[in-house]
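Engineer: This is the structure I have questions about; it appears just below.
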Amino acid sequence: MLTQIAWRNLWRNKRRTVLTALTMGLGVAFCIWMASYMGGFMKVMRGATADRNIGHIQINHQDYPETQNPYDVVPKAQSIIEALGQNTQVKTVAPRVQAYAMFAGDDDKAAPGKLIGVDIAAEAKMTEFDQRIEDGTWLKAPGQAVIGRELADKTNIKVGGKLLVVGSALDGSIANQVYPVVGIYSTGNVAVDGGAVLPLATAQELLVLDGGVHEVVVVTQDFSRIEKTKAELASQWKDLSVRSWSEIAPDLVQMEGMISASSLIMIGIIMFLTGFMIINTLLMSVYERTREFGLLISLGLQPPQIIQMILLESGLLGLVSCLFGLALGWCAHMGMVHIGFPLEVEDGKGFVFNGVTLDPVVYGSLDPGALVLPLVAVMITALLGGIWPALRASRLDPVVALAQE
Amino acid sequence: MIFRLAFRNLIRRPVQSFLAAGAVGGSLMILIATTNFQEGAWVNVVRDTVRAAAGHVVVQPLGFQKSKDPELLIPDSAALAGAIASANPGTAVIRRIFVGGMIASPNNSVAVALNGVEPEAEKAVSQIPDKLKEGEWLKADSDGEVIIGVTLAKRLQVSIGDKVVVTSSRKGELQGFPFRVAGTFEVGSAAMDAFFVLATLSAVQNLIPDVTDPATQVAVQVPEFEAPASLLGSVATAAGEGFEVLPWEEALPTLYNTRKLDRVSNAVTLGFLAILSTIGILNVLLMSLFQRTREMGMLQALGMRPSGLTKLLMAEGLLLGVFGAVLGLVLGLAVSFPLVEYGFDYSMMQDATPVSGVALDTHIKGIYSWSHTVVWTAAHLCFAVLAALWPAFRAGRLEAVDSLRAG
Amino acid sequence: MTIVSIKNASRHYQDGEHLVKALRGLDLNLQKGEFTAIMGPSGSGKTTLLNLIGGLDTPTEGSVTVSGEEVSSMSKAQRSDLRRDHVGFIFQSYNLIPVLTARENTEFVLLLQGVGAEERRARAIEILAAVGLAGMEDRRPSELSGGQQQRVAVARAIATKPSIVLADEPTANLDSETKQDLISLMRRMNEEEGVTFLFSTHDPEVIKVARRVVRMRDGDIESDERR
């Protein structure tokens, strides 16, 4: 009954209710837009670092993360890969070799960069590296090379050209080989795009690694269980380094923290401002109905019930605001998904952020969980905003109130 | 009189008026404080980065800015720097050379960016001399020495005094040069601490035997934050033909565009807040219009023209805006004060993110950005007047007979 | 001298689906210096008539002339000016601007006319004294009694020396003693200052003092007697 009265009271002044709900809704919509924008941003970041490069979990020689010493190969890598292949939590697993080298083409132009050796099939399955090829094809056989877009630009190497790799081999000799370039890739990761990728065996041979690998990369079945899986693997191989992506790229985790912190601040500010408005609306409606409250009190309505009624009104106003906000926010999110937000900072390039080149346009991506906070905040603001008007109404003296015009 | 009437109408509803003005004031306060902090941060970032990574004006080989090709070089750079310096007294002219290469120890080899700098001149502008972890900064005669980041030192497993070999290519020829590690630095940026190597200009010049006194960049810097507009032209004249002469905005496009983008996105966000708070004014004025319909009818009966009612409502909106603006201005400056005086350290939250190759200071002091303060305040006043338009327009269209009949 | 001349005026309203004929082809002339009461039951068209004369409303048919100017052909702003310069209003209640003092209320129309501050002030104080409110000039309406508020309304209505003062049941909310005071005040202003009054009323006490009584019924004049 009270809910019904509250609902009807809310719509007695349609314009005011709509205006207030629209303002709060705009606030929610803005938060949703921001979540969509940040979500899109983080998706690119995570895609370029975790999904396409780091993987979910990496297993290294225990000294390797600190030193990246090429001598620190993973001991008994083959048996580890086989064991991981049996693990039900593991989706894909791939070994890698890493080193730095000087690269050059026919053009006398040389550039230093990162050299990665990968298991052709396993890597394609795990990080979809084959999808990142822009020109030419993915590696098909030992002895071939694919190179990053930036390296290609620096050295003027084209698909079909030759790549000269000069580095230091583990036996102390100079590693020096020429490979045909079959493809050019672009992953968004600045370090990877400035280097080259060789088939695992080819890289091992070049660096005289004798079958050794530097990292075993794992992508798990369940993203949310990564830390648990990592702990299990760590207890399985106590003398190895087992790290999850959040340990490998702490800046990414930090960035997510920063983003949620700034969203939180934004939501706080918006709610602070719209809070003024909701208090105002409810106060006005209480003032206007002074006489009516006098009547209700003289009919025997108790102050707690008056409070309850006004809080119901403000709660319902909050709900209507949420609906407006969801509708407007959905439109904003659709705009972000289809049109995107321009982030161009250099000709045709987006931000280079923590080693990741973003696209010049960021498209929206919304985690439904991001809706919870603004909606809850609106409801809390609405209910808090109702307290003062409710108390005022409940303290009216019926005699005085009835005498009001 | 209109204003007196408007003013009294507002103070007749003190709570409503205060809440509406408070929303405007709150938003203006946030805008002013945020902008002052942000602009302060940018002043720091731009000053540090312009000094450490470029100059107010830079002279580079033609086409270098686009291709970043390390083979492009300015020959006889000392003569050029001297000519520029004597044509522009009061400026500091420093030379740098950028080379890519591999650095190797017996344990590891890593691809790095090798920068050759003039030790004394660079010490005044670079952040690295202040962030040395071990060892000492380069000296004029320390041609056989390099300064490397702590992460790189770990990977190479070297410490002060150890030998490293720098390999670089010139015209397709690879050459290795031995260096001794003279110092390690830690600026807090993973990329810089792992991939940045500094040596003296003359040492790096030795890697390029076919060019006399080469440099990649001749940077001109002034002591002030902003260089006079004439500097670009006068440097270009002094440099003569055959070079690209760029202001820092073009030499560091990422920095410049990032600042632009940051300003735009701030303006969007903050402008949204301003609009949100002005809807509060609209609400209050509309409500007060409906509550006072009979009074409006009476004013019309007394001979006030419809335009008079419009003016009255506009005056009320303007006054609310002025209250809010004054409130916001006072609060905004009050909040800015500690930010400007003591600053804010966000190192707890984030690493020093490098922009254009310079790690940013995490302790940021705001500045009083008066131009923004004025613009934001004016914007709030304008919005308040805009918010009053609709109610004012409606007031002007009221029919006296109907209004008088209203309750 | 004829101040108000109404010829064959009718006023129809659309009230939902019903067409309400508030006035049905009414003729009325008012002369300068008259003190006229309109009486009649609710809905007989008294208020509509006053609104037409005051230019708050325009006739559906017929003509209304005030001080020689045809009201129905005027724009909204022109009618505002007509009221400002030629008509004074006294309502039943809510007469005063709540945020202005008695003096400021009295000055208000003079201000709209553009009268200078000093003259305005002097005139307001003089007139407030004449209506018996000397010493209360700076009180707000909420600090005045109902009778005092109506006196301020009278003061304001006559401050501009209008051609006619229209009063819509000015005594309806007053007790009988206050009512007498207000009536005699209006009568005195009529005699001493020559102000023309037209007021609607139900009140026999008020009708007693009127020198002309117009009785209305169903939107037309039933009788018109001069005393």
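Naming works like this for the structure tokens: A, B, ... for the chains as they're shown, residue 1 at the start of each chain, ligands 1 onward in shown order.
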Considering only C-alpha atoms, return as a short mmCIF file (atom, residue, chain, number, x, y, z; two decimals) with N, CA and C atoms, in the first residue's frame whatever protein or nucleic-acid residues lie within 8 Å of stretch 217-227 of chain A, sequence-local ones (same chain, fewer than 4 positions apart) excluded.

Structural biologist:
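Once everything was written out, this is selection_27.cif:
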```cif
data_model
loop_
_atom_site.label_atom_id
_atom_site.label_comp_id
_atom_site.auth_asym_id
_atom_site.auth_seq_id
_atom_site.Cartn_x
_atom_site.Cartn_y
_atom_site.Cartn_z
N ILE A 54 52.49 -12.96 -23.00
CA ILE A 54 52.93 -13.59 -21.76
C ILE A 54 52.27 -14.95 -21.55
N GLY A 55 51.00 -15.07 -21.97
CA GLY A 55 50.25 -16.25 -21.61
C GLY A 55 49.74 -16.11 -20.19
N HIS A 56 49.22 -17.17 -19.63
CA HIS A 56 48.67 -17.07 -18.28
C HIS A 56 49.73 -17.38 -17.22
N ILE A 57 50.50 -18.42 -17.49
CA ILE A 57 51.52 -18.83 -16.52
C ILE A 57 52.81 -19.13 -17.28
N GLN A 58 53.93 -18.74 -16.69
CA GLN A 58 55.21 -19.08 -17.31
C GLN A 58 56.07 -19.86 -16.33
N ILE A 59 56.75 -20.84 -16.89
CA ILE A 59 57.67 -21.63 -16.07
C ILE A 59 59.09 -21.40 -16.61
N GLN A 89 43.75 -28.61 -16.14
CA GLN A 89 43.58 -27.17 -16.07
C GLN A 89 44.26 -26.45 -17.23
N VAL A 90 45.18 -27.16 -17.87
CA VAL A 90 45.99 -26.51 -18.91
C VAL A 90 45.31 -26.64 -20.25
N LYS A 91 45.16 -25.51 -20.93
CA LYS A 91 44.55 -25.54 -22.24
C LYS A 91 45.62 -25.78 -23.31
N THR A 92 46.62 -24.91 -23.28
CA THR A 92 47.70 -25.08 -24.25
C THR A 92 49.02 -24.82 -23.55
N VAL A 93 50.07 -25.36 -24.11
CA VAL A 93 51.39 -25.16 -23.56
C VAL A 93 52.38 -25.04 -24.71
N ALA A 94 53.34 -24.12 -24.58
CA ALA A 94 54.31 -23.95 -25.66
C ALA A 94 55.65 -23.51 -25.10
N PRO A 95 56.73 -24.04 -25.64
CA PRO A 95 58.06 -23.63 -25.18
C PRO A 95 58.57 -22.45 -26.01
N ARG A 96 59.43 -21.64 -25.43
CA ARG A 96 60.03 -20.54 -26.18
C ARG A 96 61.51 -20.39 -25.85
N MET A 126 48.31 -21.45 -29.15
CA MET A 126 48.22 -20.78 -27.86
C MET A 126 47.94 -19.29 -27.99
N ALA A 231 49.64 -21.91 -8.30
CA ALA A 231 50.12 -22.43 -7.02
C ALA A 231 50.33 -23.95 -7.10
N SER A 244 52.52 -16.21 -12.55
CA SER A 244 51.29 -15.91 -13.31
C SER A 244 51.50 -14.59 -14.05
#
```

Engineer: Select from chain B every residue with an atom at most 9 Å from any atom of chain C, then for each give the shortest pair of atoms and their distance in Å to one decimal, using only C-alpha atoms, rows by chain and rising number, as JSON lines.

Structural biologist:
```
{"residue": "B:Met1", "atom": "CA", "partner": "C:Leu111", "partner_atom": "CA", "distance": 8.2}
{"residue": "B:Arg4", "atom": "CA", "partner": "C:Leu100", "partner_atom": "CA", "distance": 9.0}
{"residue": "B:Leu5", "atom": "CA", "partner": "C:Val99", "partner_atom": "CA", "distance": 7.0}
{"residue": "B:Arg8", "atom": "CA", "partner": "C:Val99", "partner_atom": "CA", "distance": 5.8}
{"residue": "B:Asn9", "atom": "CA", "partner": "C:Val99", "partner_atom": "CA", "distance": 6.4}
{"residue": "B:Arg12", "atom": "CA", "partner": "C:Val99", "partner_atom": "CA", "distance": 7.4}
{"residue": "B:Arg294", "atom": "CA", "partner": "C:Tyr94", "partner_atom": "CA", "distance": 8.1}
{"residue": "B:Glu295", "atom": "CA", "partner": "C:Ile97", "partner_atom": "CA", "distance": 6.9}
{"residue": "B:Met298", "atom": "CA", "partner": "C:Asn95", "partner_atom": "CA", "distance": 7.2}
{"residue": "B:Leu299", "atom": "CA", "partner": "C:Ile97", "partner_atom": "CA", "distance": 7.9}
{"residue": "B:Gln300", "atom": "CA", "partner": "C:Ser80", "partner_atom": "CA", "distance": 6.6}
{"residue": "B:Ala301", "atom": "CA", "partner": "C:Arg83", "partner_atom": "CA", "distance": 6.6}
{"residue": "B:Leu302", "atom": "CA", "partner": "C:Arg84", "partner_atom": "CA", "distance": 5.8}
{"residue": "B:Gly303", "atom": "CA", "partner": "C:Arg84", "partner_atom": "CA", "distance": 3.9}
{"residue": "B:Met304", "atom": "CA", "partner": "C:Ser80", "partner_atom": "CA", "distance": 5.9}
{"residue": "B:Arg305", "atom": "CA", "partner": "C:Ser80", "partner_atom": "CA", "distance": 5.2}
{"residue": "B:Pro306", "atom": "CA", "partner": "C:Ala77", "partner_atom": "CA", "distance": 6.6}
{"residue": "B:Ser307", "atom": "CA", "partner": "C:Ala77", "partner_atom": "CA", "distance": 8.1}
{"residue": "B:Glu399", "atom": "CA", "partner": "C:Leu56", "partner_atom": "CA", "distance": 8.1}
{"residue": "B:Ala400", "atom": "CA", "partner": "C:Leu56", "partner_atom": "CA", "distance": 5.8}
{"residue": "B:Val401", "atom": "CA", "partner": "C:Leu56", "partner_atom": "CA", "distance": 5.9}
```

Engineer: Can I get the selected residues back with N, CA and C atoms, as an mmCIF file, in the first residue's frame?

Structural biologist:
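Produced file result.cif, reproduced below:
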```cif
data_model
loop_
_atom_site.group_PDB
_atom_site.id
_atom_site.type_symbol
_atom_site.label_atom_id
_atom_site.label_comp_id
_atom_site.auth_asym_id
_atom_site.auth_seq_id
_atom_site.Cartn_x
_atom_site.Cartn_y
_atom_site.Cartn_z
ATOM 1 N N MET B 1 16.005 46.402 -9.365
ATOM 2 C CA MET B 1 14.779 45.902 -8.732
ATOM 3 C C MET B 1 14.529 44.452 -9.103
ATOM 4 N N ARG B 4 16.794 42.574 -7.108
ATOM 5 C CA ARG B 4 16.422 42.508 -5.705
ATOM 6 C C ARG B 4 15.320 41.476 -5.524
ATOM 7 N N LEU B 5 14.367 41.537 -6.444
ATOM 8 C CA LEU B 5 13.250 40.593 -6.394
ATOM 9 C C LEU B 5 13.772 39.165 -6.545
ATOM 10 N N ARG B 8 15.640 38.058 -3.431
ATOM 11 C CA ARG B 8 14.769 37.715 -2.305
ATOM 12 C C ARG B 8 13.995 36.441 -2.556
ATOM 13 N N ASN B 9 13.627 36.225 -3.809
ATOM 14 C CA ASN B 9 12.954 34.963 -4.114
ATOM 15 C C ASN B 9 13.854 33.782 -3.803
ATOM 16 N N ARG B 12 14.270 33.250 -0.072
ATOM 17 C CA ARG B 12 13.037 32.783 0.536
ATOM 18 C C ARG B 12 13.040 31.265 0.627
ATOM 19 N N ARG B 294 0.850 31.624 -9.248
ATOM 20 C CA ARG B 294 -0.122 32.652 -8.906
ATOM 21 C C ARG B 294 0.564 34.017 -8.757
ATOM 22 N N GLU B 295 1.754 33.948 -8.144
ATOM 23 C CA GLU B 295 2.509 35.185 -7.969
ATOM 24 C C GLU B 295 2.867 35.787 -9.327
ATOM 25 N N MET B 298 -0.057 37.522 -10.653
ATOM 26 C CA MET B 298 -0.248 38.823 -10.001
ATOM 27 C C MET B 298 0.703 39.854 -10.592
ATOM 28 N N LEU B 299 1.938 39.440 -10.774
ATOM 29 C CA LEU B 299 2.912 40.379 -11.366
ATOM 30 C C LEU B 299 2.418 40.843 -12.735
ATOM 31 N N GLN B 300 1.824 39.920 -13.485
ATOM 32 C CA GLN B 300 1.312 40.302 -14.803
ATOM 33 C C GLN B 300 0.136 41.256 -14.655
ATOM 34 N N ALA B 301 -0.744 40.979 -13.669
ATOM 35 C CA ALA B 301 -1.893 41.852 -13.455
ATOM 36 C C ALA B 301 -1.434 43.264 -13.120
ATOM 37 N N LEU B 302 -0.301 43.352 -12.429
ATOM 38 C CA LEU B 302 0.201 44.677 -12.060
ATOM 39 C C LEU B 302 0.818 45.385 -13.257
ATOM 40 N N GLY B 303 0.898 44.696 -14.372
ATOM 41 C CA GLY B 303 1.398 45.365 -15.573
ATOM 42 C C GLY B 303 2.803 44.975 -15.951
ATOM 43 N N MET B 304 3.340 43.905 -15.307
ATOM 44 C CA MET B 304 4.659 43.464 -15.725
ATOM 45 C C MET B 304 4.505 42.718 -17.042
ATOM 46 N N ARG B 305 5.356 43.041 -17.993
ATOM 47 C CA ARG B 305 5.253 42.403 -19.300
ATOM 48 C C ARG B 305 5.766 40.973 -19.230
ATOM 49 N N PRO B 306 5.355 40.145 -20.180
ATOM 50 C CA PRO B 306 5.902 38.769 -20.210
ATOM 51 C C PRO B 306 7.432 38.771 -20.204
ATOM 52 N N SER B 307 8.004 39.740 -20.928
ATOM 53 C CA SER B 307 9.471 39.770 -20.960
ATOM 54 C C SER B 307 10.046 40.081 -19.575
ATOM 55 N N GLU B 399 -0.201 32.548 -19.263
ATOM 56 C CA GLU B 399 -1.388 33.366 -19.468
ATOM 57 C C GLU B 399 -1.833 33.894 -18.120
ATOM 58 N N ALA B 400 -1.971 35.201 -18.040
ATOM 59 C CA ALA B 400 -2.273 35.820 -16.752
ATOM 60 C C ALA B 400 -3.524 35.216 -16.115
ATOM 61 N N VAL B 401 -4.571 35.006 -16.944
ATOM 62 C CA VAL B 401 -5.837 34.506 -16.387
ATOM 63 C C VAL B 401 -5.639 33.142 -15.746
#
```

Engineer: Taking the chain letters and numbering used in this document, name the residues of stretch 347-402 of chain A that DSSP puts in strand (DSSP E), as a PyMOL selection string.

Structural biologist: chain A and resi 352-353+356-357+361-362

Engineer: Could those selected residues go to a file with N, CA and C atoms, as a PDB file, in the first residue's frame?

Structural biologist:
```
ATOM      1  N   VAL A 352      51.422   4.625 -27.063  1.00  0.00           N
ATOM      2  CA  VAL A 352      52.307   3.529 -26.700  1.00  0.00           C
ATOM      3  C   VAL A 352      52.322   3.541 -25.184  1.00  0.00           C
ATOM      4  N   PHE A 353      51.693   2.537 -24.611  1.00  0.00           N
ATOM      5  CA  PHE A 353      51.517   2.550 -23.180  1.00  0.00           C
ATOM      6  C   PHE A 353      52.129   1.289 -22.602  1.00  0.00           C
ATOM      7  N   VAL A 356      52.997  -1.184 -25.157  1.00  0.00           N
ATOM      8  CA  VAL A 356      51.947  -1.670 -26.032  1.00  0.00           C
ATOM      9  C   VAL A 356      51.477  -0.528 -26.917  1.00  0.00           C
ATOM     10  N   THR A 357      51.485  -0.767 -28.228  1.00  0.00           N
ATOM     11  CA  THR A 357      50.954   0.240 -29.132  1.00  0.00           C
ATOM     12  C   THR A 357      49.461   0.027 -29.258  1.00  0.00           C
ATOM     13  N   VAL A 361      42.015   4.014 -32.510  1.00  0.00           N
ATOM     14  CA  VAL A 361      40.654   4.124 -31.976  1.00  0.00           C
ATOM     15  C   VAL A 361      40.469   2.996 -30.966  1.00  0.00           C
ATOM     16  N   VAL A 362      39.969   3.362 -29.782  1.00  0.00           N
ATOM     17  CA  VAL A 362      39.689   2.339 -28.783  1.00  0.00           C
ATOM     18  C   VAL A 362      38.202   2.033 -28.830  1.00  0.00           C
TER      19      VAL A 362
END
```

Engineer: With a distance threshold of 6 Å and counting only C-alpha atoms, extract the residues of chain A near chain B and express them as a PyMOL selection string.

Structural biologist: chain A and resi 67-69+100+108-109+112-113+273+276-277+280+345

Engineer: May I have the selected residues written with N, CA and C atoms, as a CSV table (one decimal), in the first residue's frame?

Structural biologist:
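File written: part00.csv
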```
chain,number,residue,atom,x,y,z
A,67,THR,N,67.5,-12.5,-14.2
A,67,THR,CA,68.7,-12.2,-15.0
A,67,THR,C,68.5,-12.3,-16.5
A,68,GLN,N,67.5,-13.0,-17.0
A,68,GLN,CA,67.3,-13.4,-18.4
A,68,GLN,C,68.6,-13.9,-19.0
A,69,ASN,N,69.3,-14.6,-18.2
A,69,ASN,CA,70.6,-15.2,-18.6
A,69,ASN,C,70.3,-16.3,-19.6
A,100,TYR,N,68.5,-11.6,-27.5
A,100,TYR,CA,68.6,-10.4,-28.3
A,100,TYR,C,69.6,-10.6,-29.4
A,108,ASP,N,72.0,-2.9,-45.9
A,108,ASP,CA,73.0,-2.3,-45.0
A,108,ASP,C,72.4,-1.7,-43.8
A,109,LYS,N,71.1,-1.9,-43.5
A,109,LYS,CA,70.5,-1.3,-42.4
A,109,LYS,C,70.4,-2.3,-41.3
A,112,PRO,N,69.0,-3.6,-33.6
A,112,PRO,CA,69.0,-4.6,-32.6
A,112,PRO,C,67.6,-5.0,-32.2
A,113,GLY,N,67.3,-6.1,-31.7
A,113,GLY,CA,65.9,-6.5,-31.3
A,113,GLY,C,65.9,-7.8,-30.6
A,273,LEU,N,27.4,15.1,-6.6
A,273,LEU,CA,26.7,16.2,-7.2
A,273,LEU,C,25.2,15.9,-7.4
A,276,PHE,N,22.9,16.3,-4.3
A,276,PHE,CA,22.3,17.6,-4.1
A,276,PHE,C,20.9,17.7,-4.7
A,277,MET,N,20.9,17.1,-5.9
A,277,MET,CA,19.7,17.3,-6.6
A,277,MET,C,18.5,16.4,-6.1
A,280,ASN,N,17.2,17.9,-3.0
A,280,ASN,CA,16.4,19.1,-3.4
A,280,ASN,C,15.0,18.7,-3.9
A,345,VAL,N,47.8,9.5,-31.2
A,345,VAL,CA,48.8,10.4,-30.8
A,345,VAL,C,49.9,10.6,-31.8
```

Engineer: Just the residues within 12 Å of C:Ser42, please, counting only C-alpha atoms, with nothing from its chain fewer than 3 positions along; format it as a list in words.

Structural biologist: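 With the cut-off at 12 Å, the set is Ala22, Ile38, Met39, Gly45, Lys46, Thr47, Thr48, Glu169, Ser200, Thr201, His202, Met216, Arg217, Asp218 and Gly219 of chain C.
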
Engineer: Emit the selected residues as a tab-separated table (two decimals), in the first residue's frame, including N, CA and C atoms.

Structural biologist:
```
chain	number	residue	atom	x	y	z
C	22	ALA	N	-19.17	32.14	-20.43
C	22	ALA	CA	-19.04	32.92	-19.20
C	22	ALA	C	-19.71	34.28	-19.35
C	38	ILE	N	-20.33	44.97	-8.55
C	38	ILE	CA	-20.99	43.95	-9.37
C	38	ILE	C	-21.34	42.82	-8.43
C	39	MET	N	-22.57	42.38	-8.44
C	39	MET	CA	-22.90	41.23	-7.61
C	39	MET	C	-23.61	40.19	-8.45
C	45	GLY	N	-20.18	35.27	-13.99
C	45	GLY	CA	-19.33	35.97	-14.96
C	45	GLY	C	-18.65	37.21	-14.41
C	46	LYS	N	-18.70	37.41	-13.06
C	46	LYS	CA	-18.11	38.62	-12.48
C	46	LYS	C	-16.60	38.70	-12.75
C	47	THR	N	-15.94	37.61	-12.41
C	47	THR	CA	-14.48	37.63	-12.54
C	47	THR	C	-14.07	37.76	-14.01
C	48	THR	N	-14.79	37.07	-14.89
C	48	THR	CA	-14.48	37.17	-16.32
C	48	THR	C	-14.61	38.61	-16.78
C	169	GLU	N	-13.72	40.72	-5.21
C	169	GLU	CA	-14.09	40.32	-3.85
C	169	GLU	C	-13.02	40.71	-2.84
C	200	SER	N	-16.25	43.38	-7.48
C	200	SER	CA	-17.25	42.32	-7.39
C	200	SER	C	-17.40	41.95	-5.93
C	201	THR	N	-18.59	41.57	-5.53
C	201	THR	CA	-18.81	41.21	-4.13
C	201	THR	C	-20.11	40.46	-3.96
C	202	HIS	N	-20.18	39.71	-2.84
C	202	HIS	CA	-21.44	39.08	-2.43
C	202	HIS	C	-22.01	39.85	-1.26
C	216	MET	N	-25.54	40.58	-11.94
C	216	MET	CA	-25.30	39.69	-13.08
C	216	MET	C	-25.92	38.34	-12.84
C	217	ARG	N	-26.27	37.70	-13.92
C	217	ARG	CA	-26.77	36.32	-13.87
C	217	ARG	C	-26.47	35.67	-15.20
C	218	ASP	N	-25.91	34.49	-15.16
C	218	ASP	CA	-25.66	33.69	-16.38
C	218	ASP	C	-24.95	34.48	-17.47
C	219	GLY	N	-23.97	35.28	-17.09
C	219	GLY	CA	-23.14	35.93	-18.09
C	219	GLY	C	-23.77	37.16	-18.72
```
